[in-house]
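Enquirer: Just data-v3.tsv, nothing more (TSV, C-alpha atoms):
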```
chain	number	residue	atom	x	y	z
K	219	MET	CA	-34.36	5.02	7.04
K	220	THR	CA	-31.57	6.28	4.81
K	221	LYS	CA	-31.84	5.90	1.07
K	222	ALA	CA	-29.02	6.24	-1.40
K	223	ASN	CA	-28.48	5.71	-5.08
K	224	ALA	CA	-25.80	6.13	-7.70
K	225	SER	CA	-24.91	5.14	-11.23
K	226	VAL	CA	-21.54	4.09	-12.55
K	227	LEU	CA	-20.17	3.03	-15.90
K	228	LEU	CA	-19.07	-0.59	-16.06
K	229	PHE	CA	-15.87	-0.51	-18.08
K	230	HIS	CA	-14.57	-3.91	-17.00
K	231	GLU	CA	-13.36	-5.64	-20.15
K	232	VAL	CA	-15.59	-8.70	-19.91
K	233	GLY	CA	-18.58	-7.04	-18.24
K	234	LEU	CA	-20.22	-8.37	-15.12
K	235	HIS	CA	-18.95	-11.91	-15.52
K	236	ALA	CA	-18.30	-14.52	-12.87
K	237	ARG	CA	-15.44	-12.99	-10.93
K	238	PRO	CA	-16.71	-9.40	-10.88
K	239	SER	CA	-20.17	-10.69	-9.93
K	240	VAL	CA	-18.78	-12.59	-6.98
K	241	LYS	CA	-16.80	-9.54	-5.84
K	242	LEU	CA	-19.80	-7.25	-6.18
K	243	THR	CA	-22.01	-9.64	-4.23
K	244	LYS	CA	-19.40	-10.00	-1.51
K	245	VAL	CA	-19.12	-6.25	-1.06
K	246	ALA	CA	-22.93	-5.91	-1.00
K	247	LYS	CA	-23.22	-8.64	1.62
K	248	GLY	CA	-20.96	-6.64	3.91
K	249	PHE	CA	-23.72	-4.08	4.46
K	250	GLY	CA	-26.97	-4.33	6.35
K	251	ALA	CA	-28.89	-2.16	3.89
K	252	ARG	CA	-31.14	-3.60	1.23
K	253	ILE	CA	-29.20	-3.08	-1.98
K	254	GLU	CA	-30.49	-3.37	-5.49
K	255	LEU	CA	-28.86	-3.19	-8.87
K	256	ALA	CA	-30.24	-2.46	-12.32
K	257	THR	CA	-28.76	-2.22	-15.79
K	258	ASN	CA	-31.48	0.22	-16.72
K	259	ALA	CA	-32.58	3.29	-14.78
K	260	ASP	CA	-36.17	2.06	-15.00
K	261	GLY	CA	-35.29	-1.39	-13.69
K	262	PRO	CA	-35.87	-4.24	-13.32
K	263	TRP	CA	-34.08	-4.06	-9.99
K	264	ILE	CA	-32.34	-7.12	-8.67
K	265	ASP	CA	-30.99	-8.00	-5.25
K	266	ALA	CA	-27.28	-7.07	-5.31
K	267	LYS	CA	-26.61	-9.65	-2.58
K	268	SER	CA	-27.90	-12.51	-4.73
K	269	ILE	CA	-24.98	-13.99	-6.64
K	270	VAL	CA	-27.34	-15.90	-8.93
K	271	ARG	CA	-29.31	-12.80	-9.92
K	272	VAL	CA	-26.24	-10.59	-10.32
K	273	MET	CA	-24.56	-13.12	-12.59
K	274	ALA	CA	-27.78	-13.69	-14.52
K	275	ALA	CA	-27.94	-9.96	-15.29
K	276	LYS	CA	-25.03	-10.55	-17.70
K	277	ALA	CA	-24.25	-6.85	-17.85
K	278	PRO	CA	-21.79	-6.29	-20.73
K	279	LYS	CA	-18.94	-3.78	-20.88
K	280	ASP	CA	-20.10	-0.15	-21.12
K	281	THR	CA	-23.35	-0.81	-19.25
K	282	VAL	CA	-24.31	1.91	-16.79
K	283	LEU	CA	-24.96	0.14	-13.51
K	284	HIS	CA	-27.53	1.68	-11.21
K	285	PHE	CA	-27.46	1.03	-7.50
K	286	ARG	CA	-30.04	1.88	-4.91
K	287	ALA	CA	-29.95	1.06	-1.24
K	288	GLU	CA	-32.15	1.49	1.77
K	289	GLY	CA	-31.07	1.12	5.39
K	290	GLY	CA	-28.74	2.53	8.01
K	291	ASP	CA	-25.56	2.05	5.98
K	292	ALA	CA	-27.16	2.68	2.57
K	293	GLU	CA	-24.85	5.54	1.66
K	294	ALA	CA	-21.69	3.66	2.58
K	295	ALA	CA	-22.95	0.63	0.68
K	296	VAL	CA	-23.60	2.52	-2.55
K	297	ALA	CA	-20.26	4.33	-2.21
K	298	ALA	CA	-18.41	1.04	-1.75
K	299	LEU	CA	-20.10	-0.53	-4.78
K	300	VAL	CA	-19.35	2.47	-6.98
K	301	ARG	CA	-15.75	2.38	-5.79
K	302	LEU	CA	-15.53	-1.31	-6.62
K	303	VAL	CA	-16.77	-0.80	-10.18
K	304	GLU	CA	-14.59	2.31	-10.66
K	305	SER	CA	-11.53	0.43	-9.44
K	306	ASP	CA	-12.23	-2.21	-12.10
K	307	PHE	CA	-13.04	-4.70	-9.35
K	308	ALA	CA	-9.56	-4.50	-7.93
K	309	GLU	CA	-10.59	-4.20	-4.32
K	310	VAL	CA	-12.45	-6.89	-2.50
K	311	GLU	CA	-13.29	-5.53	0.88
K	312	GLU	CA	-12.66	-8.70	2.78
K	313	GLY	CA	-14.61	-8.83	5.98
K	314	ALA	CA	-16.18	-5.45	5.20
U	58	MET	CA	-14.92	-23.18	14.47
U	59	SER	CA	-16.14	-21.52	11.28
U	60	ASP	CA	-19.24	-19.38	11.23
U	61	LYS	CA	-19.73	-20.20	7.57
U	62	VAL	CA	-21.39	-23.22	5.97
U	63	GLY	CA	-18.81	-25.64	4.55
U	64	ILE	CA	-18.75	-26.75	0.91
U	65	VAL	CA	-17.85	-30.24	-0.33
U	66	ILE	CA	-17.27	-30.97	-4.01
U	67	VAL	CA	-17.76	-34.54	-5.21
U	68	SER	CA	-16.95	-35.52	-8.79
U	69	HIS	CA	-16.15	-38.80	-10.50
U	70	SER	CA	-12.94	-37.13	-11.63
U	71	PRO	CA	-10.38	-35.84	-9.12
U	72	ASP	CA	-9.31	-33.29	-11.74
U	73	VAL	CA	-12.82	-31.89	-12.03
U	74	ALA	CA	-13.25	-31.81	-8.25
U	75	LYS	CA	-9.90	-30.13	-7.67
U	76	GLY	CA	-10.43	-27.68	-10.56
U	77	THR	CA	-13.81	-26.72	-9.14
U	78	ALA	CA	-12.27	-26.17	-5.72
U	79	ASP	CA	-9.56	-24.00	-7.32
U	80	MET	CA	-12.25	-21.83	-8.90
U	81	VAL	CA	-14.08	-21.45	-5.59
U	82	ARG	CA	-10.88	-20.50	-3.78
U	83	GLN	CA	-9.85	-17.98	-6.39
U	84	MET	CA	-13.26	-16.39	-6.85
U	85	VAL	CA	-14.68	-16.51	-3.36
U	86	GLY	CA	-11.60	-16.86	-1.18
U	87	THR	CA	-10.41	-19.19	1.51
U	88	GLU	CA	-12.70	-18.15	4.37
U	89	VAL	CA	-15.31	-20.76	3.48
U	90	PRO	CA	-14.45	-24.29	4.67
U	91	LEU	CA	-13.95	-26.28	1.49
U	92	ALA	CA	-13.03	-29.85	0.61
U	93	TRP	CA	-13.13	-31.90	-2.56
U	94	THR	CA	-12.98	-35.54	-3.47
U	95	GLY	CA	-13.06	-37.48	-6.70
U	96	GLY	CA	-12.04	-40.85	-8.08
U	97	ASP	CA	-12.45	-44.33	-6.70
U	98	PRO	CA	-9.95	-45.85	-4.25
U	99	GLY	CA	-8.23	-47.67	-7.14
U	100	GLY	CA	-7.38	-44.40	-8.84
U	101	GLY	CA	-10.02	-44.64	-11.57
U	102	LEU	CA	-13.02	-42.48	-12.22
U	103	GLY	CA	-15.69	-42.85	-9.57
U	104	THR	CA	-16.62	-41.80	-6.08
U	105	SER	CA	-16.04	-43.37	-2.70
U	106	VAL	CA	-18.28	-43.17	0.36
U	107	GLU	CA	-15.27	-43.17	2.65
U	108	LYS	CA	-13.55	-40.34	0.83
U	109	ILE	CA	-16.77	-38.31	0.79
U	110	MET	CA	-17.08	-38.80	4.57
U	111	ALA	CA	-13.50	-37.60	5.01
U	112	ALA	CA	-14.24	-34.54	2.85
U	113	ILE	CA	-17.32	-33.73	4.92
U	114	ASP	CA	-15.16	-33.92	8.05
U	115	ALA	CA	-12.53	-31.68	6.46
U	116	ALA	CA	-15.08	-29.01	5.53
U	117	TRP	CA	-17.16	-29.41	8.68
U	118	SER	CA	-18.75	-26.34	10.19
U	119	PRO	CA	-21.26	-26.09	13.03
U	120	LYS	CA	-23.51	-24.37	10.49
U	121	GLY	CA	-23.43	-27.49	8.32
U	122	VAL	CA	-22.06	-28.64	5.00
U	123	ALA	CA	-23.48	-28.36	1.48
U	124	ILE	CA	-22.36	-31.01	-1.00
U	125	LEU	CA	-22.16	-30.40	-4.75
U	126	VAL	CA	-22.09	-33.53	-6.91
U	127	ASP	CA	-21.78	-34.33	-10.60
U	128	LEU	CA	-23.49	-37.51	-11.78
U	129	GLY	CA	-25.48	-40.48	-10.42
U	130	GLY	CA	-23.05	-42.31	-8.16
U	131	ALA	CA	-21.66	-39.10	-6.74
U	132	GLU	CA	-25.13	-38.32	-5.46
U	133	THR	CA	-26.02	-41.78	-4.13
U	134	ASN	CA	-22.61	-42.19	-2.50
U	135	SER	CA	-22.93	-38.74	-0.93
U	136	GLU	CA	-26.32	-39.70	0.46
U	137	MET	CA	-24.81	-42.90	1.83
U	138	ALA	CA	-21.95	-40.93	3.36
U	139	ILE	CA	-24.45	-38.64	5.09
U	140	GLU	CA	-26.28	-41.66	6.52
U	141	LEU	CA	-23.03	-42.96	7.96
U	142	MET	CA	-22.13	-39.69	9.64
U	143	PRO	CA	-22.78	-39.23	13.38
U	144	GLU	CA	-26.48	-38.74	14.03
U	145	ASP	CA	-26.09	-35.22	15.42
U	146	ARG	CA	-24.46	-34.08	12.17
U	147	ARG	CA	-26.71	-35.77	9.63
U	148	ASP	CA	-29.39	-33.08	9.58
U	149	ARG	CA	-26.76	-30.45	8.91
U	150	ILE	CA	-25.49	-32.00	5.67
U	151	VAL	CA	-27.33	-31.58	2.37
U	152	VAL	CA	-26.76	-32.55	-1.24
U	153	CYS	CA	-27.57	-29.65	-3.56
U	154	ASN	CA	-29.47	-30.27	-6.75
U	155	ALA	CA	-27.25	-28.02	-8.84
U	156	PRO	CA	-24.49	-28.19	-11.47
U	157	VAL	CA	-21.22	-28.92	-9.69
U	158	VAL	CA	-19.01	-26.03	-10.85
U	159	GLU	CA	-21.57	-23.24	-10.98
U	160	GLY	CA	-23.33	-24.53	-7.89
U	161	ALA	CA	-20.10	-24.65	-5.89
U	162	VAL	CA	-19.21	-21.04	-6.71
U	163	MET	CA	-22.75	-19.81	-5.97
U	164	ALA	CA	-23.03	-21.83	-2.76
U	165	ALA	CA	-19.63	-20.68	-1.54
U	166	THR	CA	-20.45	-17.02	-2.26
U	167	GLU	CA	-23.65	-17.34	-0.27
U	168	ALA	CA	-21.83	-19.21	2.52
U	169	TRP	CA	-19.16	-16.50	2.62
U	170	GLY	CA	-21.82	-13.99	3.63
U	171	GLY	CA	-22.78	-16.09	6.65
U	172	ALA	CA	-25.99	-17.54	5.22
U	173	SER	CA	-27.70	-20.59	6.74
U	174	LEU	CA	-27.36	-24.05	5.22
U	175	ASP	CA	-30.85	-23.78	3.78
U	176	GLU	CA	-30.07	-20.43	2.14
U	177	VAL	CA	-26.84	-21.80	0.71
U	178	ARG	CA	-28.65	-24.76	-0.79
U	179	ARG	CA	-31.42	-22.58	-2.21
U	180	THR	CA	-28.88	-20.27	-3.83
U	181	ALA	CA	-27.13	-23.17	-5.54
U	182	GLU	CA	-30.45	-24.66	-6.64
U	183	GLU	CA	-31.76	-21.35	-7.99
U	184	LEU	CA	-29.56	-22.06	-10.98
U	185	SER	CA	-31.46	-25.15	-12.02
U	186	PRO	CA	-34.43	-24.76	-14.31
U	187	GLY	CA	-37.77	-25.27	-12.61
```
What is this structure when it is put down as structure tokens?
Expert:
Amino acid sequence: MTKANASVLLFHEVGLHARPSVKLTKVAKGFGARIELATNADGPWIDAKSIVRVMAAKAPKDTVLHFRAEGGDAEAAVAALVRLVESDFAEVEEGA
Amino acid sequence: MSDKVGIVIVSHSPDVAKGTADMVRQMVGTEVPLAWTGGDPGGGLGTSVEKIMAAIDAAWSPKGVAILVDLGGAETNSEMAIELMPEDRRDRIVVCNAPVVEGAVMAATEAWGGASLDEVRRTAEELSPG
């Protein structure tokens, strides 16, 4: 079982609000791995595929987002999520 | 046809229903079957069983349809619409106990990922206290 993790600075102007949350969840759902997200390195960790939990995290601008994933495509999943945040949520990997 | 649960938005106001659908389309995309209805047949505020049935048909998916409603009559009329649907479809249509706008976006996001009708409903209802 592959494990992967990464951290990335959330610089999106309004933080992890509705639209970015939906995009992040959609990207996460494109992978088979279990993917979790935290706004603190020590957790709590939330399911990155759960739109309700991701939105409830209410991560503001300048939060460091931590991702961790476990499963066959864990590395690709974490890479895609980091890319999404770094691109300021520009890319939605439709059908990914 | 679609491998994603369909979403139906029912509000007393056609403007609210359409606005909610606009938000779902912009945030989640157009891959999820989506229909909205609002207003009574006379053009006033209200809901209509017939229009709800037509919306269910428009958003139909073999995986089922989740309905988001606003107040009282929207819910009872949606339940009546479900009862009037063909028997083999009735058990694949649910009314979610969730706020209409937030619930529709959450439900559609979950549906987009290919979730089952039950998972879609639970996601929308996770929003509600208790």
Enquirer: I'd like to know which of K:Val300, K:Val232, K:Arg271, K:Ala292 is closest to chain U, using only C-alpha atoms.
Expert: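 Closest candidate: K:Arg271.
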Enquirer: Which chain K residues are at most 9 Å from chain U (counting all atoms listed in the file), as a compact mmCIF listing (two decimals) with C-alpha atoms, keeping the file's coordinate frame?
Expert:
```txt
# COMPACT_ATOMS: atom_id res chain seq x y z
CA ALA K 236 -18.30 -14.52 -12.87
CA ARG K 237 -15.44 -12.99 -10.93
CA PRO K 238 -16.71 -9.40 -10.88
CA VAL K 240 -18.78 -12.59 -6.98
CA LYS K 241 -16.80 -9.54 -5.84
CA THR K 243 -22.01 -9.64 -4.23
CA LYS K 244 -19.40 -10.00 -1.51
CA LYS K 247 -23.22 -8.64 1.62
CA GLY K 248 -20.96 -6.64 3.91
CA LYS K 267 -26.61 -9.65 -2.58
CA SER K 268 -27.90 -12.51 -4.73
CA ILE K 269 -24.98 -13.99 -6.64
CA VAL K 270 -27.34 -15.90 -8.93
```
Enquirer: Which distance in Å separates CA of Val157 (chain U) and CA of Asp175 (chain U), to one decimal?
Expert: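 One can read the CA of Val157 (chain U) to CA of Asp175 (chain U) distance as 17.3 Å.
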Enquirer: So the first atom is CA of Glu288 (chain K) and the second is CA of Val272 (chain K); what is the distance between them in Å, to one decimal place?
Expert: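 It comes out at 18.1 Å.
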Enquirer: Go ahead and compute the interatomic distance for CA of Trp93 (chain U) and CA of Val65 (chain U), in Å to one decimal.
Expert: 5.5 Å
Enquirer: Applying 12 Å and only C-alpha atoms, which residues near Arg301 (chain K) remain after dropping the ones on its own chain fewer than 2 positions away? List them as number ranges by chain.
Expert: K: 224-228, 241-242, 245-246, 285, 294-299, 303-311
Enquirer: What are the centre and the three edge lengths of an axis-aligned box that wraps all atoms of region 297-311 of chain K in the file, given that 4 Å is added to every side, written as JSON and rounded to one decimal in Å?
Expert:
```
{"center_x": -14.9, "center_y": -1.3, "center_z": -5.6, "size_x": 18.7, "size_y": 19.2, "size_z": 21.0}
```
Enquirer: Please provide the set of residues having any atom within 9 Å of Gly130 (chain U), restricted to all atoms listed in the file, with same-chain residues fewer than 2 positions apart removed, written as a ChimeraX atom specification.
Expert: /U:69,103-105,126-128,132-135
Enquirer: Give the answer as one residue: which of U:Leu91, U:Val67, U:Gly76, U:Asn154 has the shortest atom-to-atom distance to Ser118 (chain U), using only C-alpha atoms?
Expert: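 Looking at the shortest contact to Ser118 (chain U), the residue is U:Leu91.
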Enquirer: Got a sec to check which residues sit within 12 Å of (-15.1, -40.1, 5.4), counting all atoms listed in the file, and write them as an mmCIF file with C-alpha atoms, keeping the file's coordinate frame?
Expert:
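Saved file selection.cif follows:
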```
data_model
loop_
_atom_site.group_PDB
_atom_site.id
_atom_site.type_symbol
_atom_site.label_atom_id
_atom_site.label_comp_id
_atom_site.auth_asym_id
_atom_site.auth_seq_id
_atom_site.Cartn_x
_atom_site.Cartn_y
_atom_site.Cartn_z
ATOM 1 C CA VAL U 65 -17.850 -30.240 -0.330
ATOM 2 C CA ALA U 92 -13.030 -29.850 0.610
ATOM 3 C CA TRP U 93 -13.130 -31.900 -2.560
ATOM 4 C CA THR U 94 -12.980 -35.540 -3.470
ATOM 5 C CA THR U 104 -16.620 -41.800 -6.080
ATOM 6 C CA SER U 105 -16.040 -43.370 -2.700
ATOM 7 C CA VAL U 106 -18.280 -43.170 0.360
ATOM 8 C CA GLU U 107 -15.270 -43.170 2.650
ATOM 9 C CA LYS U 108 -13.550 -40.340 0.830
ATOM 10 C CA ILE U 109 -16.770 -38.310 0.790
ATOM 11 C CA MET U 110 -17.080 -38.800 4.570
ATOM 12 C CA ALA U 111 -13.500 -37.600 5.010
ATOM 13 C CA ALA U 112 -14.240 -34.540 2.850
ATOM 14 C CA ILE U 113 -17.320 -33.730 4.920
ATOM 15 C CA ASP U 114 -15.160 -33.920 8.050
ATOM 16 C CA ALA U 115 -12.530 -31.680 6.460
ATOM 17 C CA ALA U 116 -15.080 -29.010 5.530
ATOM 18 C CA TRP U 117 -17.160 -29.410 8.680
ATOM 19 C CA ASN U 134 -22.610 -42.190 -2.500
ATOM 20 C CA SER U 135 -22.930 -38.740 -0.930
ATOM 21 C CA MET U 137 -24.810 -42.900 1.830
ATOM 22 C CA ALA U 138 -21.950 -40.930 3.360
ATOM 23 C CA ILE U 139 -24.450 -38.640 5.090
ATOM 24 C CA GLU U 140 -26.280 -41.660 6.520
ATOM 25 C CA LEU U 141 -23.030 -42.960 7.960
ATOM 26 C CA MET U 142 -22.130 -39.690 9.640
ATOM 27 C CA PRO U 143 -22.780 -39.230 13.380
#
```
Enquirer: Identify, on the basis of all atoms listed in the file, every residue whose closest approach to region 249-256 of chain K does not exceed 7 Å; exclude the query and any residue fewer than 4 positions from it along the same chain; express the result as a compact mmCIF listing (two decimals) with C-alpha atoms, in the frame of the given file.
Expert:
```txt
# COMPACT_ATOMS: atom_id res chain seq x y z
CA GLY K 261 -35.29 -1.39 -13.69
CA PRO K 262 -35.87 -4.24 -13.32
CA TRP K 263 -34.08 -4.06 -9.99
CA ILE K 264 -32.34 -7.12 -8.67
CA ASP K 265 -30.99 -8.00 -5.25
CA ALA K 266 -27.28 -7.07 -5.31
CA LEU K 283 -24.96 0.14 -13.51
CA HIS K 284 -27.53 1.68 -11.21
CA PHE K 285 -27.46 1.03 -7.50
CA ARG K 286 -30.04 1.88 -4.91
CA ALA K 287 -29.95 1.06 -1.24
CA GLU K 288 -32.15 1.49 1.77
CA GLY K 289 -31.07 1.12 5.39
CA GLY K 290 -28.74 2.53 8.01
CA ASP K 291 -25.56 2.05 5.98
CA ALA K 292 -27.16 2.68 2.57
CA ALA K 295 -22.95 0.63 0.68
```
